[in-house]
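Undergrad: Okay, so here is input.cif, and as you'll see once you scroll down, it has mmCIF, C-alpha atoms.
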```
data_data
#
loop_
_atom_site.group_PDB
_atom_site.id
_atom_site.type_symbol
_atom_site.label_atom_id
_atom_site.label_comp_id
_atom_site.auth_asym_id
_atom_site.auth_seq_id
_atom_site.Cartn_x
_atom_site.Cartn_y
_atom_site.Cartn_z
ATOM 1 C CA MET A 1 -9.795 -40.673 -14.507
ATOM 2 C CA PRO A 2 -11.905 -37.529 -14.020
ATOM 3 C CA ALA A 3 -12.360 -35.152 -16.898
ATOM 4 C CA THR A 4 -9.630 -32.595 -17.461
ATOM 5 C CA PRO A 5 -10.426 -29.493 -15.401
ATOM 6 C CA SER A 6 -11.365 -26.317 -17.165
ATOM 7 C CA VAL A 7 -8.415 -24.087 -17.980
ATOM 8 C CA PRO A 8 -8.329 -20.709 -16.236
ATOM 9 C CA SER A 9 -8.106 -17.583 -18.296
ATOM 10 C CA THR A 10 -4.790 -15.845 -18.771
ATOM 11 C CA PRO A 11 -3.810 -13.748 -15.744
ATOM 12 C CA PRO A 12 -3.945 -10.025 -16.442
ATOM 13 C CA THR A 13 -0.726 -8.317 -17.414
ATOM 14 C CA THR A 14 -0.122 -4.951 -15.803
ATOM 15 C CA PRO A 15 2.098 -2.369 -17.514
ATOM 16 C CA SER A 16 4.819 -2.929 -14.919
ATOM 17 C CA GLU A 17 4.958 -6.628 -15.811
ATOM 18 C CA GLU A 18 5.185 -6.197 -19.577
ATOM 19 C CA GLN A 19 8.472 -7.159 -21.130
ATOM 20 C CA PRO A 20 10.121 -4.849 -23.679
ATOM 21 C CA ALA A 21 11.088 -6.236 -27.064
ATOM 22 C CA GLY A 22 13.932 -8.732 -26.890
ATOM 23 C CA VAL A 23 13.426 -9.535 -23.177
ATOM 24 C CA GLY A 24 12.082 -12.861 -21.922
ATOM 25 C CA VAL A 25 8.516 -13.607 -20.905
ATOM 26 C CA ASP A 26 7.406 -12.770 -17.365
ATOM 27 C CA ARG A 27 7.767 -15.901 -15.226
ATOM 28 C CA ARG A 28 4.200 -15.899 -13.910
ATOM 29 C CA ILE A 29 2.767 -15.739 -17.417
ATOM 30 C CA ALA A 30 5.239 -18.324 -18.735
ATOM 31 C CA GLU A 31 4.313 -20.743 -15.940
ATOM 32 C CA HIS A 32 0.629 -20.223 -16.723
ATOM 33 C CA TRP A 33 1.118 -21.187 -20.374
ATOM 34 C CA THR A 34 3.442 -24.107 -19.667
ATOM 35 C CA GLN A 35 0.878 -25.533 -17.246
ATOM 36 C CA ARG A 36 -1.778 -25.236 -19.942
ATOM 37 C CA TRP A 37 0.651 -26.907 -22.350
ATOM 38 C CA ASP A 38 0.996 -29.912 -20.054
ATOM 39 C CA ARG A 39 -2.772 -30.244 -19.728
ATOM 40 C CA GLN A 40 -3.412 -30.178 -23.456
ATOM 41 C CA GLN A 41 -0.595 -32.664 -24.038
ATOM 42 C CA GLU A 42 -2.369 -35.120 -21.724
ATOM 43 C CA GLU A 43 -5.309 -34.959 -24.149
ATOM 44 C CA PHE A 44 -2.977 -36.303 -26.829
ATOM 45 C CA LEU A 45 -0.966 -38.710 -24.676
ATOM 46 C CA PRO A 46 -2.959 -40.217 -21.788
ATOM 47 C CA GLY A 47 -0.829 -41.354 -18.878
ATOM 48 C CA ARG A 48 1.878 -38.920 -19.965
ATOM 49 C CA GLU A 49 3.447 -38.660 -16.515
ATOM 50 C CA ALA A 50 3.861 -42.444 -16.261
ATOM 51 C CA LEU A 51 5.493 -42.441 -19.693
ATOM 52 C CA PHE A 52 7.893 -39.711 -18.610
ATOM 53 C CA ASP A 53 8.696 -41.740 -15.499
ATOM 54 C CA ALA A 54 9.570 -44.726 -17.704
ATOM 55 C CA LEU A 55 11.695 -42.585 -20.019
ATOM 56 C CA ILE A 56 13.615 -41.142 -17.068
ATOM 57 C CA ASP A 57 13.994 -44.674 -15.650
ATOM 58 C CA VAL A 58 15.804 -45.625 -18.862
ATOM 59 C CA VAL A 59 18.122 -42.632 -18.597
ATOM 60 C CA GLN A 60 18.856 -43.320 -14.937
ATOM 61 C CA GLU A 61 19.447 -47.045 -15.458
ATOM 62 C CA SER A 62 21.673 -46.623 -18.506
ATOM 63 C CA ALA A 63 23.709 -43.587 -17.429
ATOM 64 C CA GLY A 64 25.609 -45.244 -14.599
ATOM 65 C CA ARG A 65 26.361 -41.867 -13.022
ATOM 66 C CA PRO A 66 24.397 -39.321 -10.958
ATOM 67 C CA ASP A 67 25.156 -36.427 -13.334
ATOM 68 C CA PRO A 68 24.222 -37.588 -16.852
ATOM 69 C CA LEU A 69 24.334 -35.210 -19.791
ATOM 70 C CA VAL A 70 21.023 -35.392 -21.658
ATOM 71 C CA VAL A 71 19.827 -33.754 -24.885
ATOM 72 C CA ASP A 72 16.054 -33.348 -25.324
ATOM 73 C CA LEU A 73 14.994 -33.066 -28.979
ATOM 74 C CA GLY A 74 11.827 -31.116 -29.743
ATOM 75 C CA CYS A 75 11.612 -30.146 -26.082
ATOM 76 C CA GLY A 76 8.643 -27.757 -26.267
ATOM 77 C CA PRO A 77 8.657 -25.632 -23.093
ATOM 78 C CA GLY A 78 10.802 -28.162 -21.207
ATOM 79 C CA SER A 79 8.406 -30.772 -19.830
ATOM 80 C CA ILE A 80 10.904 -33.662 -19.872
ATOM 81 C CA GLY A 81 13.890 -31.635 -18.689
ATOM 82 C CA THR A 82 12.191 -30.279 -15.590
ATOM 83 C CA ARG A 83 10.917 -33.716 -14.571
ATOM 84 C CA LEU A 84 14.267 -35.377 -15.197
ATOM 85 C CA LEU A 85 16.059 -32.819 -13.031
ATOM 86 C CA ARG A 86 13.641 -33.400 -10.161
ATOM 87 C CA ARG A 87 14.745 -37.044 -10.201
ATOM 88 C CA LEU A 88 18.408 -36.417 -11.072
ATOM 89 C CA PRO A 89 19.276 -32.946 -9.752
ATOM 90 C CA GLU A 90 22.949 -33.272 -10.713
ATOM 91 C CA ALA A 91 22.101 -33.920 -14.379
ATOM 92 C CA THR A 92 22.475 -31.438 -17.219
ATOM 93 C CA VAL A 93 19.669 -31.230 -19.781
ATOM 94 C CA VAL A 94 20.135 -29.369 -23.059
ATOM 95 C CA SER A 95 16.619 -28.775 -24.399
ATOM 96 C CA VAL A 96 16.350 -28.151 -28.146
ATOM 97 C CA ASP A 97 13.401 -26.749 -30.082
ATOM 98 C CA ALA A 98 12.928 -24.633 -33.179
ATOM 99 C CA ASP A 99 9.755 -22.799 -32.142
ATOM 100 C CA PRO A 100 10.470 -19.327 -30.686
ATOM 101 C CA VAL A 101 7.237 -19.324 -28.650
ATOM 102 C CA LEU A 102 8.005 -22.621 -26.915
ATOM 103 C CA ILE A 103 11.613 -21.650 -26.253
ATOM 104 C CA ALA A 104 10.482 -18.298 -24.797
ATOM 105 C CA LEU A 105 8.003 -20.044 -22.506
ATOM 106 C CA GLY A 106 10.574 -22.586 -21.351
ATOM 107 C CA ARG A 107 13.154 -19.935 -20.574
ATOM 108 C CA GLY A 108 10.553 -17.758 -18.861
ATOM 109 C CA ALA A 109 9.159 -20.531 -16.661
ATOM 110 C CA TYR A 110 12.320 -22.530 -15.952
ATOM 111 C CA GLY A 111 15.207 -20.178 -16.666
ATOM 112 C CA ASP A 112 16.483 -20.473 -13.106
ATOM 113 C CA VAL A 113 16.385 -24.288 -12.946
ATOM 114 C CA ARG A 114 19.902 -25.522 -12.290
ATOM 115 C CA GLY A 115 21.168 -27.825 -15.015
ATOM 116 C CA LEU A 116 18.522 -26.892 -17.607
ATOM 117 C CA ARG A 117 19.504 -25.005 -20.747
ATOM 118 C CA PHE A 118 17.378 -24.167 -23.794
ATOM 119 C CA VAL A 119 18.793 -24.017 -27.326
ATOM 120 C CA ALA A 120 16.875 -22.675 -30.318
ATOM 121 C CA ALA A 121 17.718 -24.945 -33.267
ATOM 122 C CA ASP A 122 15.837 -26.576 -36.133
ATOM 123 C CA LEU A 123 16.440 -30.327 -36.363
ATOM 124 C CA ARG A 124 15.817 -30.185 -40.104
ATOM 125 C CA LEU A 125 18.993 -28.146 -40.583
ATOM 126 C CA PRO A 126 22.276 -30.103 -40.534
ATOM 127 C CA GLU A 127 24.063 -27.698 -38.198
ATOM 128 C CA TRP A 128 21.622 -28.053 -35.267
ATOM 129 C CA MET A 129 24.058 -30.110 -33.171
ATOM 130 C CA ASP A 130 26.768 -27.459 -33.530
ATOM 131 C CA ARG A 131 24.658 -25.071 -31.429
ATOM 132 C CA LEU A 132 24.490 -27.313 -28.355
ATOM 133 C CA GLY A 133 27.770 -26.220 -26.749
ATOM 134 C CA LEU A 134 28.589 -29.652 -25.328
ATOM 135 C CA ASP A 135 31.827 -30.313 -23.448
ATOM 136 C CA ARG A 136 31.652 -34.125 -23.357
ATOM 137 C CA PRO A 137 29.817 -37.022 -25.016
ATOM 138 C CA VAL A 138 26.127 -37.280 -24.205
ATOM 139 C CA ASP A 139 24.745 -40.059 -22.009
ATOM 140 C CA ALA A 140 21.199 -39.948 -23.414
ATOM 141 C CA VAL A 141 19.198 -38.288 -26.170
ATOM 142 C CA VAL A 142 15.465 -38.187 -25.434
ATOM 143 C CA SER A 143 12.323 -36.987 -27.148
ATOM 144 C CA SER A 144 8.561 -37.151 -26.680
ATOM 145 C CA THR A 145 5.835 -36.632 -29.293
ATOM 146 C CA ALA A 146 8.138 -34.467 -31.391
ATOM 147 C CA LEU A 147 9.890 -36.516 -34.085
ATOM 148 C CA HIS A 148 6.889 -38.114 -35.807
ATOM 149 C CA TRP A 149 6.554 -35.192 -38.209
ATOM 150 C CA LEU A 150 10.040 -35.628 -39.699
ATOM 151 C CA ASP A 151 10.179 -37.353 -43.062
ATOM 152 C CA PRO A 152 12.218 -40.613 -43.120
ATOM 153 C CA SER A 153 15.332 -39.103 -44.730
ATOM 154 C CA THR A 154 15.452 -36.223 -42.240
ATOM 155 C CA LEU A 155 14.767 -38.664 -39.415
ATOM 156 C CA THR A 156 17.831 -40.692 -40.411
ATOM 157 C CA SER A 157 19.938 -37.525 -40.461
ATOM 158 C CA VAL A 158 18.730 -36.532 -36.976
ATOM 159 C CA TYR A 159 19.362 -40.013 -35.578
ATOM 160 C CA THR A 160 22.808 -40.116 -37.200
ATOM 161 C CA ALA A 161 23.706 -36.780 -35.635
ATOM 162 C CA ALA A 162 22.365 -37.978 -32.272
ATOM 163 C CA ALA A 163 24.461 -41.141 -32.487
ATOM 164 C CA GLY A 164 27.522 -38.958 -33.028
ATOM 165 C CA LEU A 165 26.757 -37.040 -29.831
ATOM 166 C CA LEU A 166 26.342 -40.131 -27.659
ATOM 167 C CA ARG A 167 29.041 -41.933 -25.713
ATOM 168 C CA PRO A 168 29.571 -45.663 -26.341
ATOM 169 C CA GLY A 169 26.633 -47.466 -24.735
ATOM 170 C CA GLY A 170 24.578 -44.269 -24.693
ATOM 171 C CA VAL A 171 20.863 -44.388 -25.408
ATOM 172 C CA LEU A 172 18.372 -42.581 -27.577
ATOM 173 C CA VAL A 173 14.821 -42.881 -26.188
ATOM 174 C CA ASN A 174 11.852 -41.671 -28.212
ATOM 175 C CA CYS A 175 8.341 -41.697 -26.719
ATOM 176 C CA ASP A 176 5.634 -41.212 -29.331
ATOM 177 C CA GLU A 177 2.656 -42.589 -31.209
ATOM 178 C CA LEU A 178 4.401 -44.823 -33.735
ATOM 179 C CA GLN A 179 2.181 -46.616 -36.207
ATOM 180 C CA ARG A 180 2.686 -50.256 -37.069
ATOM 181 C CA ASP A 181 3.042 -51.236 -40.739
ATOM 182 C CA GLN A 182 -0.607 -51.519 -41.778
ATOM 183 C CA ASP A 183 0.170 -53.531 -44.898
ATOM 184 C CA ALA A 184 2.164 -56.143 -43.003
ATOM 185 C CA ALA A 185 -0.147 -56.398 -39.977
ATOM 186 C CA PRO A 186 -3.499 -54.674 -40.605
ATOM 187 C CA THR A 187 -5.318 -56.257 -37.657
ATOM 188 C CA LEU A 188 -2.551 -55.480 -35.179
ATOM 189 C CA ALA A 189 -2.355 -51.920 -36.510
ATOM 190 C CA ARG A 190 -6.104 -51.515 -35.993
ATOM 191 C CA LEU A 191 -5.867 -52.927 -32.466
ATOM 192 C CA ASP A 192 -2.977 -50.589 -31.674
ATOM 193 C CA ARG A 193 -5.129 -47.603 -32.573
ATOM 194 C CA ALA A 194 -8.162 -49.020 -30.744
ATOM 195 C CA LEU A 195 -6.197 -49.574 -27.527
ATOM 196 C CA LEU A 196 -4.992 -45.987 -27.575
ATOM 197 C CA ALA A 197 -8.503 -44.687 -28.299
ATOM 198 C CA ARG A 198 -9.920 -46.664 -25.388
ATOM 199 C CA GLU A 199 -7.174 -45.439 -23.088
ATOM 200 C CA LYS A 200 -7.940 -41.846 -24.049
ATOM 201 C CA ALA A 201 -11.656 -42.421 -23.422
ATOM 202 C CA ARG A 202 -10.927 -43.758 -19.930
ATOM 203 C CA TRP A 203 -8.509 -40.933 -19.207
ATOM 204 C CA LEU A 204 -10.738 -38.107 -20.372
ATOM 205 C CA GLY A 205 -14.144 -39.537 -19.505
ATOM 206 C CA THR A 206 -16.918 -37.499 -21.056
ATOM 207 C CA GLY A 207 -15.171 -34.158 -20.847
ATOM 208 C CA HIS A 208 -12.298 -32.569 -22.719
ATOM 209 C CA GLY A 209 -10.104 -29.661 -21.800
ATOM 210 C CA GLU A 210 -8.037 -27.428 -24.008
ATOM 211 C CA GLY A 211 -6.768 -29.192 -27.124
ATOM 212 C CA TRP A 212 -3.659 -28.653 -29.267
ATOM 213 C CA TYR A 213 -5.168 -26.171 -31.720
ATOM 214 C CA ASP A 214 -7.051 -24.333 -28.963
ATOM 215 C CA TRP A 215 -3.831 -23.878 -27.001
ATOM 216 C CA TRP A 216 -1.947 -22.505 -29.982
ATOM 217 C CA GLU A 217 -4.759 -20.140 -31.008
ATOM 218 C CA ARG A 218 -4.894 -18.652 -27.517
ATOM 219 C CA ALA A 219 -1.146 -18.625 -26.885
ATOM 220 C CA LEU A 220 -0.444 -16.788 -30.138
ATOM 221 C CA ALA A 221 -2.903 -14.091 -29.032
ATOM 222 C CA GLU A 222 -1.134 -13.569 -25.665
ATOM 223 C CA PRO A 223 0.255 -9.989 -25.609
ATOM 224 C CA ALA A 224 3.238 -11.012 -23.475
ATOM 225 C CA LEU A 225 4.335 -13.418 -26.221
ATOM 226 C CA ALA A 226 4.122 -10.878 -29.034
ATOM 227 C CA THR A 227 7.879 -10.704 -29.631
ATOM 228 C CA ALA A 228 8.207 -14.505 -29.774
ATOM 229 C CA VAL A 229 5.118 -14.778 -31.989
ATOM 230 C CA ALA A 230 6.564 -12.207 -34.407
ATOM 231 C CA GLU A 231 9.803 -14.194 -34.579
ATOM 232 C CA ARG A 232 7.813 -17.373 -35.126
ATOM 233 C CA GLU A 233 6.014 -15.789 -38.057
ATOM 234 C CA ARG A 234 9.279 -14.437 -39.449
ATOM 235 C CA GLN A 235 10.701 -17.964 -39.448
ATOM 236 C CA GLY A 236 7.644 -19.300 -41.248
ATOM 237 C CA PHE A 237 6.260 -21.631 -38.591
ATOM 238 C CA ALA A 238 2.687 -22.787 -39.161
ATOM 239 C CA GLY A 239 2.568 -25.582 -36.604
ATOM 240 C CA GLU A 240 0.453 -27.846 -38.812
ATOM 241 C CA HIS A 241 3.246 -30.391 -39.253
ATOM 242 C CA HIS A 242 3.036 -31.306 -35.579
ATOM 243 C CA SER A 243 -0.317 -33.035 -36.123
ATOM 244 C CA ASP A 244 0.929 -35.435 -38.816
ATOM 245 C CA LEU A 245 2.158 -38.956 -38.090
ATOM 246 C CA SER A 246 4.406 -39.043 -41.133
ATOM 247 C CA ALA A 247 6.844 -41.712 -39.917
ATOM 248 C CA GLY A 248 5.764 -45.083 -38.542
ATOM 249 C CA ILE A 249 7.585 -47.475 -36.243
ATOM 250 C CA GLU A 250 9.419 -49.262 -39.052
ATOM 251 C CA ASP A 251 10.637 -45.919 -40.403
ATOM 252 C CA HIS A 252 12.088 -45.130 -36.990
ATOM 253 C CA ARG A 253 13.676 -48.553 -36.535
ATOM 254 C CA THR A 254 15.226 -48.400 -39.985
ATOM 255 C CA ALA A 255 16.481 -44.863 -39.394
ATOM 256 C CA LEU A 256 18.077 -45.880 -36.084
ATOM 257 C CA ARG A 257 19.834 -48.864 -37.670
ATOM 258 C CA ASP A 258 20.973 -46.774 -40.632
ATOM 259 C CA ALA A 259 22.299 -44.211 -38.135
ATOM 260 C CA GLY A 260 24.567 -46.890 -36.672
ATOM 261 C CA PHE A 261 22.820 -47.816 -33.438
ATOM 262 C CA ALA A 262 23.936 -51.289 -32.362
ATOM 263 C CA GLU A 263 20.679 -52.222 -30.631
ATOM 264 C CA VAL A 264 17.173 -51.030 -31.516
ATOM 265 C CA GLY A 265 13.975 -52.064 -29.780
ATOM 266 C CA THR A 266 10.827 -51.129 -27.897
ATOM 267 C CA LEU A 267 11.119 -51.000 -24.112
ATOM 268 C CA TRP A 268 7.462 -50.224 -23.333
ATOM 269 C CA ARG A 269 4.277 -49.840 -25.336
ATOM 270 C CA ARG A 270 0.545 -49.270 -25.067
ATOM 271 C CA GLY A 271 -1.039 -49.589 -28.462
ATOM 272 C CA GLU A 272 0.669 -47.106 -30.760
ATOM 273 C CA VAL A 273 2.411 -45.304 -27.900
ATOM 274 C CA GLN A 274 5.813 -46.717 -27.151
ATOM 275 C CA LEU A 275 9.289 -46.037 -25.852
ATOM 276 C CA LEU A 276 11.613 -46.851 -28.732
ATOM 277 C CA CYS A 277 15.278 -47.117 -27.768
ATOM 278 C CA GLY A 278 18.532 -47.192 -29.684
ATOM 279 C CA VAL A 279 21.857 -48.051 -28.013
ATOM 280 C CA THR A 280 25.241 -47.049 -29.394
ATOM 281 C CA ALA A 281 27.927 -49.718 -29.656
ATOM 282 C CA TYR A 282 30.544 -50.302 -26.990
ATOM 283 C CA PRO A 283 34.142 -50.040 -28.252
ATOM 284 C CA ASP A 284 34.860 -53.705 -27.615
ATOM 285 C CA GLY A 285 31.389 -54.838 -28.604
ATOM 286 C CA VAL A 286 30.618 -56.014 -25.082
ATOM 287 C CA ALA A 287 27.699 -54.458 -23.203
ATOM 288 C CA VAL A 288 27.174 -54.495 -19.443
ATOM 289 C CA PRO A 289 25.786 -57.968 -18.652
ATOM 290 C CA ALA A 290 22.281 -58.201 -17.231
ATOM 291 C CA ARG A 291 21.896 -59.250 -13.621
ATOM 292 C CA PRO A 292 20.661 -62.873 -13.392
ATOM 293 C CA HIS A 293 17.001 -63.110 -12.493
ATOM 294 C CA THR A 294 13.979 -65.323 -12.841
ATOM 295 C CA HIS A 295 10.487 -64.475 -14.013
ATOM 296 C CA ASN A 296 9.243 -63.821 -10.462
ATOM 297 C CA ASN A 297 12.418 -61.909 -9.506
ATOM 298 C CA ALA A 298 13.576 -64.645 -7.147
ATOM 299 C CA PRO A 299 17.346 -65.203 -7.004
ATOM 300 C CA ALA A 300 18.526 -67.099 -10.053
ATOM 301 C CA PRO A 301 19.824 -70.614 -9.354
ATOM 302 C CA ARG A 302 23.567 -71.069 -9.422
ATOM 303 C CA PRO A 303 24.887 -73.084 -12.376
#
```
What would you get if you wrote out this structure as structure tokens?

TA:
Amino acid sequence: MPATPSVPSTPPTTPSEEQPAGVGVDRRIAEHWTQRWDRQQEEFLPGREALFDALIDVVQESAGRPDPLVVDLGCGPGSIGTRLLRRLPEATVVSVDADPVLIALGRGAYGDVRGLRFVAADLRLPEWMDRLGLDRPVDAVVSSTALHWLDPSTLTSVYTAAAGLLRPGGVLVNCDELQRDQDAAPTLARLDRALLAREKARWLGTGHGEGWYDWWERALAEPALATAVAERERQGFAGEHHSDLSAGIEDHRTALRDAGFAEVGTLWRRGEVQLLCGVTAYPDGVAVPARPHTHNNAPAPRP
């Protein structure tokens, strides 16, 4: 994979394009910053687009309908929601984030995308789900590189709330770096980290683009985001928590089970990066049976 291309400077803002206080960010500027966001996220999560494809595959396979209702936790500026709606244009995605800057960018860049709605809510507060404005049970709750900074008790509360939003047989899919228990399996934990490091080295080559802290330093200095930045400061956001892997894979599995999910497991992984899935119980305890198949996908023999 070639090195990440250099990031262009922010396009100039003319007086006619400036937004007065309380009004959203100009679309051209919002698109510029969301594109930079996606590039710096690839520095953290190599092969990010393939991971999103897999996550959306899970939603599409499990929903059983062309118009699923999906809630995206810690959505940032809407990376998952926009990609999901390209695949499933009849879907509805409710994208939730606490950061005023990211919400402003998402609304500015994608405010006219049919089926995509942004909600400002802090997952650490118990009333976050009351702000979603849902009119039916949710088919899927998704998240990517956003929940690792929650402490285990808060994580259980978030997963419990998510389980309450989901329909029977609904799925929660979390894509993130999730550390293995280093005390129980120190060699496997080291290999997990090594595989991810090697993947990043192949992805980035010898060059690096804009990183997480670089993006935030520059975005917070963007004049067009001044209103959102002021609100961010008023709410006390520092952003440092996003860099901490405070909950490992066993914390997440335990939290999902404690939240009442009937099935919990990993659907895909590459080192520490994995798609962890929880499935809510069916009323009669019977899930949709798997289609018979063999290892090479040939028709299964009849009994």

Undergrad: Would you kindly return, as number ranges by chain, each protein, DNA or RNA residue with an atom no farther than 8 Å from any atom of Asp181 (chain A), considering all atoms listed in the file and excluding same-chain residues fewer than 4 positions away?

TA: A: 185-186, 189, 248-250

Undergrad: Would you mind exporting the chosen residues as a short mmCIF file (atom, residue, chain, number, x, y, z; two decimals), in the frame of the given file, restricted to C-alpha atoms?

TA:
```cif
data_model
loop_
_atom_site.label_atom_id
_atom_site.label_comp_id
_atom_site.auth_asym_id
_atom_site.auth_seq_id
_atom_site.Cartn_x
_atom_site.Cartn_y
_atom_site.Cartn_z
CA ALA A 185 -0.15 -56.40 -39.98
CA PRO A 186 -3.50 -54.67 -40.60
CA ALA A 189 -2.36 -51.92 -36.51
CA GLY A 248 5.76 -45.08 -38.54
CA ILE A 249 7.58 -47.48 -36.24
CA GLU A 250 9.42 -49.26 -39.05
#
```

Undergrad: Suppose you want the space between CA of Leu155 (chain A) and CA of Ala255 (chain A); what is it in Å?

TA: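 Taking CA of Leu155 (chain A) as the start and CA of Ala255 (chain A) as the end point, the length is 6.4 Å.
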
Undergrad: Measure the distance from CA of Leu84 (chain A) to CA of Asp53 (chain A) in Å and round it to one decimal.

TA: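 Result for CA of Leu84 (chain A) versus CA of Asp53 (chain A): 8.5 Å, one decimal.
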
Undergrad: So how far away is CA of Arg36 (chain A) from CA of Leu178 (chain A), in Å?

TA: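 Computing the Euclidean distance for CA of Leu178 (chain A) and CA of Arg36 (chain A) yields 24.7 Å.
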
Undergrad: I'd like the contact shell of Leu45 (chain A) - 9 Å cut-off, only C-alpha atoms, skipping same-chain residues fewer than 3 positions apart - returned as a PyMOL selection string.

TA: chain A and resi 40-42+48+51+145+176-177+196+200+273

Undergrad: What do you get, as a ChimeraX atom specification, if you spell out every residue that the PyMOL selection byres ((chain A and resi 253) around 12) selects here?

TA: /A:152,155-156,159,172-174,178-181,247-252,254-266,275-279

Undergrad: Store the residues picked out above, limited to C-alpha atoms, as a CSV table (one decimal), keeping the file's coordinate frame.

TA:
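See again39.csv below for the written result:
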```csv
chain,number,residue,atom,x,y,z
A,152,PRO,CA,12.2,-40.6,-43.1
A,155,LEU,CA,14.8,-38.7,-39.4
A,156,THR,CA,17.8,-40.7,-40.4
A,159,TYR,CA,19.4,-40.0,-35.6
A,172,LEU,CA,18.4,-42.6,-27.6
A,173,VAL,CA,14.8,-42.9,-26.2
A,174,ASN,CA,11.9,-41.7,-28.2
A,178,LEU,CA,4.4,-44.8,-33.7
A,179,GLN,CA,2.2,-46.6,-36.2
A,180,ARG,CA,2.7,-50.3,-37.1
A,181,ASP,CA,3.0,-51.2,-40.7
A,247,ALA,CA,6.8,-41.7,-39.9
A,248,GLY,CA,5.8,-45.1,-38.5
A,249,ILE,CA,7.6,-47.5,-36.2
A,250,GLU,CA,9.4,-49.3,-39.1
A,251,ASP,CA,10.6,-45.9,-40.4
A,252,HIS,CA,12.1,-45.1,-37.0
A,254,THR,CA,15.2,-48.4,-40.0
A,255,ALA,CA,16.5,-44.9,-39.4
A,256,LEU,CA,18.1,-45.9,-36.1
A,257,ARG,CA,19.8,-48.9,-37.7
A,258,ASP,CA,21.0,-46.8,-40.6
A,259,ALA,CA,22.3,-44.2,-38.1
A,260,GLY,CA,24.6,-46.9,-36.7
A,261,PHE,CA,22.8,-47.8,-33.4
A,262,ALA,CA,23.9,-51.3,-32.4
A,263,GLU,CA,20.7,-52.2,-30.6
A,264,VAL,CA,17.2,-51.0,-31.5
A,265,GLY,CA,14.0,-52.1,-29.8
A,266,THR,CA,10.8,-51.1,-27.9
A,275,LEU,CA,9.3,-46.0,-25.9
A,276,LEU,CA,11.6,-46.9,-28.7
A,277,CYS,CA,15.3,-47.1,-27.8
A,278,GLY,CA,18.5,-47.2,-29.7
A,279,VAL,CA,21.9,-48.1,-28.0
```
